[in-house]
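Student: Sharing a structure, written as structure tokens. Questions coming.
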Amino acid sequence: MSAEKWSARARAIDSFKVMDLLKRARELDDLGFDVIHMEAGEPDFATAAPVAAAAHAAIEEGRIQYTPAGGIAPLRERIARYYAERYGIDLGPERVLVTPGASGGLLLAFALLAEQGRRFMMADPGYPCNAQFLRLLEARAQRVRVDASTNFQLTAELVREHWDEQTAGVLLASPANPTGAVVPPDEMAAISATVRELGGELIVDELYHGLTYGFDAETVLAVDDQALVLNSFSKYFGMTGWRLGWVVGPADAVAEMEKMAQNLFISPPTLSQRAALAAFEPESIEIFEQRRAEFGRRRDLLVSGLRELGFGIATPPQGAFYVYADASELTDDSFVWCWSLLEEDKIAATPGADFSRFDAERYVRFSYTTGMDRIELALERLARRIRG
Ligand SMILES: Cc1ncc(COP(=O)(O)O)c(C=O)c1O
């Protein structure tokens with residue numbers, strides 16, 4: 001089949017610019033080099049034992065068949081109850097849709113709200129796939145350049161300033177990838193009020209909730225009952241490969257997305273749903289909280305080490321497991337710099353190019369999804385590189 005046959009829609013999708021770098025990092029691993037991996041967007045911990053045990057039990061039982069498109073009733077109910085336990089928010093299970101990862105949820109949320117040609121406002125830098133989902137739906141991302149002056153997040157003021165007749169709504173991610181920045185509750189309320197006043201919709205990606213350090217993030221649902229909320233078992237619950245997430249929204253919006261999910265996915269992965277029920281058990285939450293504390297220690301070590309070496313980090317990331325460091329004292333092209341960091345010092349880190357249209361060449365994202373000893377070694381190698 002020749003490439004001219006492929007749809008313009010498919011051809012418009014960008015690949016990750018960093019893919020070649022990741023491939024090279026794996027090659028260097030295979031060649032026996034000791035590569036320090038700080039590029040990954042997933043926790044380095046194994047699936048928590050109670051979750052794995054629940055999956056084994058489900059396999060033993062043997063009935064791994066399709067489920068309802070919105071997820072098995074016990075899981076929808078358990079997620080709803082989690083909102084009561086964690087945030088003090090009362091939800092019925094009819095407001096929860098279980099999805100194949102937050103990725104499935106993002107596709108459904110945008111398919112629900114993004115009319116052809118309309119735009120969703122989002123912070124730049126941000127998670128790159130959002131713009132691609134919108135492209136696939138023949139809608140567009142409206143990227144708004146943010147920097148340290150607003151803690152790399154949109155504000156109500158920025159939303160108002162950039163809103164135009166094409167804007168359908170706003171997507172926030174809090175904590176965000178790649179910056180780890182959190183929208184404070186009062187700003188979240190102000191953004192929600194502004195979006196509603198302007199007649200738009202609000203989607204909030206709360207995927208990194210649970211992975212905040214020294215405080216718990218508040219859900220947007222505390223200030224906006226009509227928002228669509230995305231979440232996932234990938235990050236706090238450490239279940240990336242299980243491909244399971246959820247959306248919370250108004251019951252009629254959830255039913256509409258379920259209709260699309262029936263057609264697109266038939267059901268979220270059954271085994272993962274059965275396993276995920278165990279993720280809410282106290283012994284699992286204890287494991288996740290220990291991991292969160294470990295991430296917090298790694299963050300502190302990495303932030304202080306990078307700062308000493310001349311990287312700019314205006315505010316330490318409040319959540320997720322990334323440090324988006326300003327490397328402009330060290331290079332004027334972070335993409336080239338990351339390549340030589342890999343080839344010469346065997347550290348894999350992600351250049352800003354995939355996250356941003358603006359200032360990308362200044363930034364490098366370091367993931368602290370590797371142990372303290374590896375972070376220390378990375379800082380030693382960086383020191384040698386920078387100080388000679
Ligand atoms: C901000 C953000 N949203 C969504 C996703 C997709 O996550 P999932 O594994 O739940 O599909 C990611 C993955 O890294 C992410 O960083």
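Just remember, in the structure tokens the first chain shown is A, the second B, etc., residues are 1-based per chain, and ligands are 1-based in the order shown.
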Using only C-alpha atoms and all ligand atoms, which protein or nucleic acid residues are at most 9 Å from ligand 1, as a PyMOL selection string?
Tutor: chain A and resi 40-42+99-106+126-130+173-178+205-208+230-235+239-246+320
Student: So which residues of region 258-337 of chain A fall under helix (DSSP H, G or I) by DSSP, listed as a PyMOL selection string?
Tutor: chain A and resi 258-264+270-280+282-308+334-337
Student: Just the selected residues (N, CA and C atoms), exported as a compact mmCIF listing (two decimals), in the first residue's frame, please.
Tutor:
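File written: selection_18.txt
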# COMPACT_ATOMS: atom_id res chain seq x y z
N GLU A 258 -20.01 6.02 27.09
CA GLU A 258 -20.10 4.55 27.15
C GLU A 258 -20.59 4.01 25.81
N LYS A 259 -21.50 4.74 25.20
CA LYS A 259 -22.01 4.34 23.87
C LYS A 259 -20.85 4.28 22.87
N MET A 260 -19.99 5.29 22.92
CA MET A 260 -18.84 5.28 22.00
C MET A 260 -17.87 4.16 22.37
N ALA A 261 -17.68 3.96 23.68
CA ALA A 261 -16.74 2.92 24.14
C ALA A 261 -17.21 1.53 23.70
N GLN A 262 -18.53 1.32 23.69
CA GLN A 262 -19.05 0.02 23.21
C GLN A 262 -18.55 -0.26 21.81
N ASN A 263 -18.59 0.75 20.98
CA ASN A 263 -18.19 0.60 19.58
C ASN A 263 -16.68 0.54 19.39
N LEU A 264 -15.99 1.39 20.16
CA LEU A 264 -14.54 1.49 19.96
C LEU A 264 -13.76 0.35 20.60
N THR A 270 -10.52 -7.02 30.87
CA THR A 270 -11.25 -7.68 31.95
C THR A 270 -10.33 -8.07 33.12
N LEU A 271 -9.20 -8.69 32.78
CA LEU A 271 -8.28 -9.13 33.82
C LEU A 271 -7.81 -7.93 34.65
N SER A 272 -7.53 -6.85 33.95
CA SER A 272 -7.05 -5.65 34.64
C SER A 272 -8.11 -5.09 35.58
N GLN A 273 -9.35 -5.18 35.17
CA GLN A 273 -10.43 -4.67 36.03
C GLN A 273 -10.52 -5.49 37.32
N ARG A 274 -10.41 -6.80 37.16
CA ARG A 274 -10.49 -7.67 38.34
C ARG A 274 -9.30 -7.40 39.27
N ALA A 275 -8.13 -7.20 38.66
CA ALA A 275 -6.92 -6.91 39.45
C ALA A 275 -7.06 -5.56 40.15
N ALA A 276 -7.61 -4.59 39.43
CA ALA A 276 -7.66 -3.22 39.96
C ALA A 276 -8.54 -3.12 41.21
N LEU A 277 -9.50 -4.03 41.35
CA LEU A 277 -10.32 -4.00 42.57
C LEU A 277 -9.45 -4.11 43.82
N ALA A 278 -8.37 -4.88 43.70
CA ALA A 278 -7.47 -5.07 44.85
C ALA A 278 -6.60 -3.84 45.11
N ALA A 279 -6.52 -2.94 44.13
CA ALA A 279 -5.66 -1.76 44.29
C ALA A 279 -6.18 -0.83 45.37
N PHE A 280 -7.47 -0.95 45.71
CA PHE A 280 -8.05 -0.06 46.72
C PHE A 280 -7.98 -0.65 48.13
N PRO A 282 -6.57 -1.74 51.73
CA PRO A 282 -5.60 -1.00 52.57
C PRO A 282 -4.15 -1.46 52.38
N GLU A 283 -3.94 -2.80 52.19
CA GLU A 283 -2.54 -3.25 52.06
C GLU A 283 -1.92 -2.75 50.74
N SER A 284 -2.75 -2.55 49.73
CA SER A 284 -2.21 -1.99 48.47
C SER A 284 -1.92 -0.51 48.65
N ILE A 285 -2.88 0.20 49.24
CA ILE A 285 -2.68 1.65 49.44
C ILE A 285 -1.42 1.90 50.27
N GLU A 286 -1.17 1.01 51.25
CA GLU A 286 0.05 1.16 52.07
C GLU A 286 1.30 1.07 51.18
N ILE A 287 1.27 0.12 50.25
CA ILE A 287 2.42 -0.03 49.32
C ILE A 287 2.56 1.24 48.46
N PHE A 288 1.44 1.73 47.95
CA PHE A 288 1.50 2.92 47.07
C PHE A 288 2.00 4.13 47.85
N GLU A 289 1.59 4.21 49.12
CA GLU A 289 2.04 5.36 49.92
C GLU A 289 3.54 5.27 50.22
N GLN A 290 4.03 4.04 50.41
CA GLN A 290 5.49 3.88 50.60
C GLN A 290 6.24 4.31 49.34
N ARG A 291 5.69 3.94 48.21
CA ARG A 291 6.33 4.31 46.94
C ARG A 291 6.29 5.82 46.73
N ARG A 292 5.17 6.39 47.12
CA ARG A 292 5.05 7.85 47.00
C ARG A 292 6.13 8.53 47.84
N ALA A 293 6.35 8.02 49.06
CA ALA A 293 7.39 8.61 49.93
C ALA A 293 8.76 8.45 49.27
N GLU A 294 8.98 7.31 48.65
CA GLU A 294 10.26 7.07 47.96
C GLU A 294 10.42 8.05 46.78
N PHE A 295 9.36 8.24 46.03
CA PHE A 295 9.41 9.23 44.94
C PHE A 295 9.75 10.61 45.49
N GLY A 296 9.16 10.94 46.64
CA GLY A 296 9.42 12.25 47.26
C GLY A 296 10.90 12.41 47.60
N ARG A 297 11.51 11.34 48.13
CA ARG A 297 12.95 11.41 48.48
C ARG A 297 13.78 11.57 47.21
N ARG A 298 13.41 10.82 46.19
CA ARG A 298 14.15 10.92 44.92
C ARG A 298 14.04 12.33 44.33
N ARG A 299 12.84 12.87 44.40
CA ARG A 299 12.63 14.23 43.87
C ARG A 299 13.56 15.20 44.57
N ASP A 300 13.61 15.14 45.90
CA ASP A 300 14.42 16.10 46.66
C ASP A 300 15.90 15.98 46.26
N LEU A 301 16.36 14.73 46.15
CA LEU A 301 17.76 14.50 45.79
C LEU A 301 18.05 15.06 44.39
N LEU A 302 17.17 14.75 43.46
CA LEU A 302 17.40 15.16 42.06
C LEU A 302 17.31 16.68 41.90
N VAL A 303 16.32 17.28 42.53
CA VAL A 303 16.16 18.74 42.40
C VAL A 303 17.38 19.45 42.97
N SER A 304 17.82 19.04 44.16
CA SER A 304 18.95 19.78 44.75
C SER A 304 20.22 19.52 43.96
N GLY A 305 20.40 18.28 43.49
CA GLY A 305 21.60 17.95 42.69
C GLY A 305 21.63 18.73 41.39
N LEU A 306 20.49 18.77 40.70
CA LEU A 306 20.46 19.48 39.41
C LEU A 306 20.68 20.98 39.60
N ARG A 307 20.08 21.51 40.65
CA ARG A 307 20.27 22.96 40.90
C ARG A 307 21.73 23.28 41.13
N GLU A 308 22.41 22.43 41.92
CA GLU A 308 23.84 22.67 42.18
C GLU A 308 24.66 22.66 40.90
N SER A 334 18.73 21.59 23.68
CA SER A 334 18.61 20.46 24.62
C SER A 334 18.49 19.12 23.88
N PHE A 335 18.02 19.16 22.63
CA PHE A 335 17.88 17.90 21.87
C PHE A 335 19.26 17.32 21.59
N VAL A 336 20.14 18.17 21.08
CA VAL A 336 21.52 17.74 20.79
C VAL A 336 22.22 17.35 22.09
N TRP A 337 21.97 18.14 23.13
CA TRP A 337 22.61 17.91 24.42
C TRP A 337 22.19 16.53 24.98
Student: Which residues in region 50-284 of chain A does DSSP call strand (DSSP E)? List them as a PyMOL selection string.
Tutor: chain A and resi 96-99+119-124+140-145+167-173+201-205+228-232+245-248
Student: Store the residues picked out above in a file with N, CA and C atoms, as an mmCIF file, in the first residue's frame.
Tutor:
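Wrote result_19.cif, looks like this:
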data_model
loop_
_atom_site.group_PDB
_atom_site.id
_atom_site.type_symbol
_atom_site.label_atom_id
_atom_site.label_comp_id
_atom_site.auth_asym_id
_atom_site.auth_seq_id
_atom_site.Cartn_x
_atom_site.Cartn_y
_atom_site.Cartn_z
ATOM 1 N N VAL A 96 -19.126 7.162 36.745
ATOM 2 C CA VAL A 96 -17.767 6.641 36.508
ATOM 3 C C VAL A 96 -17.767 5.741 35.275
ATOM 4 N N LEU A 97 -16.829 5.992 34.388
ATOM 5 C CA LEU A 97 -16.661 5.137 33.209
ATOM 6 C C LEU A 97 -15.247 4.565 33.262
ATOM 7 N N VAL A 98 -15.137 3.240 33.254
ATOM 8 C CA VAL A 98 -13.813 2.607 33.256
ATOM 9 C C VAL A 98 -13.336 2.539 31.802
ATOM 10 N N THR A 99 -12.069 2.906 31.590
ATOM 11 C CA THR A 99 -11.561 3.052 30.211
ATOM 12 C C THR A 99 -10.230 2.308 30.035
ATOM 13 N N ARG A 119 -11.313 24.234 19.058
ATOM 14 C CA ARG A 119 -10.005 24.093 19.710
ATOM 15 C C ARG A 119 -10.141 23.914 21.225
ATOM 16 N N PHE A 120 -9.266 23.111 21.773
ATOM 17 C CA PHE A 120 -9.178 22.966 23.221
ATOM 18 C C PHE A 120 -7.897 23.629 23.704
ATOM 19 N N MET A 121 -8.068 24.526 24.665
ATOM 20 C CA MET A 121 -6.913 25.261 25.176
ATOM 21 C C MET A 121 -6.136 24.382 26.162
ATOM 22 N N MET A 122 -4.838 24.427 26.070
ATOM 23 C CA MET A 122 -4.008 23.659 27.002
ATOM 24 C C MET A 122 -2.649 24.331 27.174
ATOM 25 N N ALA A 123 -2.027 24.039 28.298
ATOM 26 C CA ALA A 123 -0.722 24.641 28.592
ATOM 27 C C ALA A 123 0.355 24.020 27.706
ATOM 28 N N ASP A 124 1.267 24.837 27.262
ATOM 29 C CA ASP A 124 2.485 24.389 26.583
ATOM 30 C C ASP A 124 3.644 24.878 27.434
ATOM 31 N N ARG A 140 -8.578 20.816 17.128
ATOM 32 C CA ARG A 140 -7.212 21.331 17.288
ATOM 33 C C ARG A 140 -6.889 21.630 18.748
ATOM 34 N N ALA A 141 -5.595 21.558 19.050
ATOM 35 C CA ALA A 141 -5.117 22.031 20.349
ATOM 36 C C ALA A 141 -4.809 23.516 20.235
ATOM 37 N N GLN A 142 -5.170 24.264 21.246
ATOM 38 C CA GLN A 142 -4.816 25.688 21.306
ATOM 39 C C GLN A 142 -3.770 25.802 22.414
ATOM 40 N N ARG A 143 -2.526 25.834 21.982
ATOM 41 C CA ARG A 143 -1.448 25.793 22.979
ATOM 42 C C ARG A 143 -1.178 27.192 23.506
ATOM 43 N N VAL A 144 -1.167 27.305 24.798
ATOM 44 C CA VAL A 144 -0.855 28.598 25.410
ATOM 45 C C VAL A 144 0.481 28.457 26.132
ATOM 46 N N ARG A 145 1.385 29.339 25.750
ATOM 47 C CA ARG A 145 2.733 29.276 26.317
ATOM 48 C C ARG A 145 2.686 29.658 27.802
ATOM 49 N N THR A 167 -12.621 28.446 20.520
ATOM 50 C CA THR A 167 -12.279 27.688 21.731
ATOM 51 C C THR A 167 -13.520 26.960 22.258
ATOM 52 N N ALA A 168 -13.388 25.633 22.411
ATOM 53 C CA ALA A 168 -14.510 24.834 22.914
ATOM 54 C C ALA A 168 -14.376 24.596 24.410
ATOM 55 N N GLY A 169 -13.163 24.651 24.917
ATOM 56 C CA GLY A 169 -12.965 24.373 26.325
ATOM 57 C C GLY A 169 -11.495 24.362 26.676
ATOM 58 N N VAL A 170 -11.238 23.924 27.894
ATOM 59 C CA VAL A 170 -9.877 23.937 28.434
ATOM 60 C C VAL A 170 -9.546 22.552 28.978
ATOM 61 N N LEU A 171 -8.343 22.111 28.690
ATOM 62 C CA LEU A 171 -7.826 20.891 29.303
ATOM 63 C C LEU A 171 -6.702 21.275 30.250
ATOM 64 N N LEU A 172 -6.842 20.884 31.509
ATOM 65 C CA LEU A 172 -5.753 21.083 32.470
ATOM 66 C C LEU A 172 -5.221 19.714 32.865
ATOM 67 N N ALA A 173 -3.943 19.657 33.191
ATOM 68 C CA ALA A 173 -3.408 18.442 33.813
ATOM 69 C C ALA A 173 -2.755 18.892 35.112
ATOM 70 N N GLU A 201 -16.222 24.045 28.097
ATOM 71 C CA GLU A 201 -16.178 22.831 28.914
ATOM 72 C C GLU A 201 -14.795 22.681 29.534
ATOM 73 N N LEU A 202 -14.755 22.003 30.665
ATOM 74 C CA LEU A 202 -13.488 21.824 31.376
ATOM 75 C C LEU A 202 -13.188 20.332 31.533
ATOM 76 N N ILE A 203 -12.000 19.956 31.061
ATOM 77 C CA ILE A 203 -11.514 18.580 31.245
ATOM 78 C C ILE A 203 -10.270 18.680 32.129
ATOM 79 N N VAL A 204 -10.206 17.864 33.161
ATOM 80 C CA VAL A 204 -9.018 17.912 34.019
ATOM 81 C C VAL A 204 -8.412 16.515 34.118
ATOM 82 N N ASP A 205 -7.157 16.433 33.731
ATOM 83 C CA ASP A 205 -6.401 15.189 33.787
ATOM 84 C C ASP A 205 -5.770 15.105 35.179
ATOM 85 N N LEU A 228 -15.209 17.134 33.351
ATOM 86 C CA LEU A 228 -14.836 15.748 33.054
ATOM 87 C C LEU A 228 -13.461 15.513 33.667
ATOM 88 N N VAL A 229 -13.352 14.465 34.467
ATOM 89 C CA VAL A 229 -12.096 14.171 35.147
ATOM 90 C C VAL A 229 -11.519 12.880 34.598
ATOM 91 N N LEU A 230 -10.234 12.935 34.254
ATOM 92 C CA LEU A 230 -9.555 11.723 33.789
ATOM 93 C C LEU A 230 -8.639 11.222 34.881
ATOM 94 N N ASN A 231 -8.633 9.912 35.048
ATOM 95 C CA ASN A 231 -7.676 9.338 35.981
ATOM 96 C C ASN A 231 -7.302 7.945 35.466
ATOM 97 N N SER A 232 -6.393 7.302 36.167
ATOM 98 C CA SER A 232 -5.834 6.065 35.630
ATOM 99 C C SER A 232 -5.215 5.236 36.744
ATOM 100 N N GLY A 245 -7.956 2.891 33.093
ATOM 101 C CA GLY A 245 -8.166 4.215 33.657
ATOM 102 C C GLY A 245 -9.645 4.451 33.879
ATOM 103 N N TRP A 246 -10.000 5.692 34.172
ATOM 104 C CA TRP A 246 -11.427 5.991 34.302
ATOM 105 C C TRP A 246 -11.694 7.470 34.038
ATOM 106 N N VAL A 247 -12.952 7.743 33.745
ATOM 107 C CA VAL A 247 -13.415 9.123 33.591
ATOM 108 C C VAL A 247 -14.556 9.308 34.576
ATOM 109 N N VAL A 248 -14.596 10.464 35.228
ATOM 110 C CA VAL A 248 -15.778 10.841 36.014
ATOM 111 C C VAL A 248 -16.406 12.040 35.323
#
Student: Kindly give the distance, in Å, that separates CA of Ala8 (chain A) and CA of Pro268 (chain A), rounded to a single decimal.
Tutor: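 Between CA of Ala8 (chain A) and CA of Pro268 (chain A) the gap works out to 28.9 Å.
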Student: Which residue, A:Ile36, A:Val51, A:Leu211, A:Ala73, has the smallest gap to Pro317 (chain A) when you use only C-alpha atoms?
Tutor: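 Closest residue, counting only C-alpha atoms: A:Leu211.
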Student: Just to confirm, what's the straight-line distance from CA of Gly371 (chain A) to CA of Thr219 (chain A) in Å (one decimal)?
Tutor: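 About the pair CA of Gly371 (chain A) and CA of Thr219 (chain A): they are 29.4 Å apart.
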Student: For Pro68 (chain A), find every residue with an atom within 8 Å (counting only C-alpha atoms), except residues of its own chain fewer than 4 positions away, and show them as a compact mmCIF listing (two decimals) with C-alpha atoms, in the first residue's frame.
Tutor:
# COMPACT_ATOMS: atom_id res chain seq x y z
CA ILE A 72 -17.66 -4.07 35.80
CA GLN A 262 -19.05 0.02 23.21
CA ILE A 266 -16.20 -3.31 23.48
CA SER A 267 -14.83 -3.35 27.02
Student: A:Met38, A:Tyr66, A:Glu94, A:Val183: which is nearest Asp252 (chain A), counting only C-alpha atoms?
Tutor: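 Once distances to Asp252 (chain A) are computed over only C-alpha atoms, the minimum belongs to A:Glu94.
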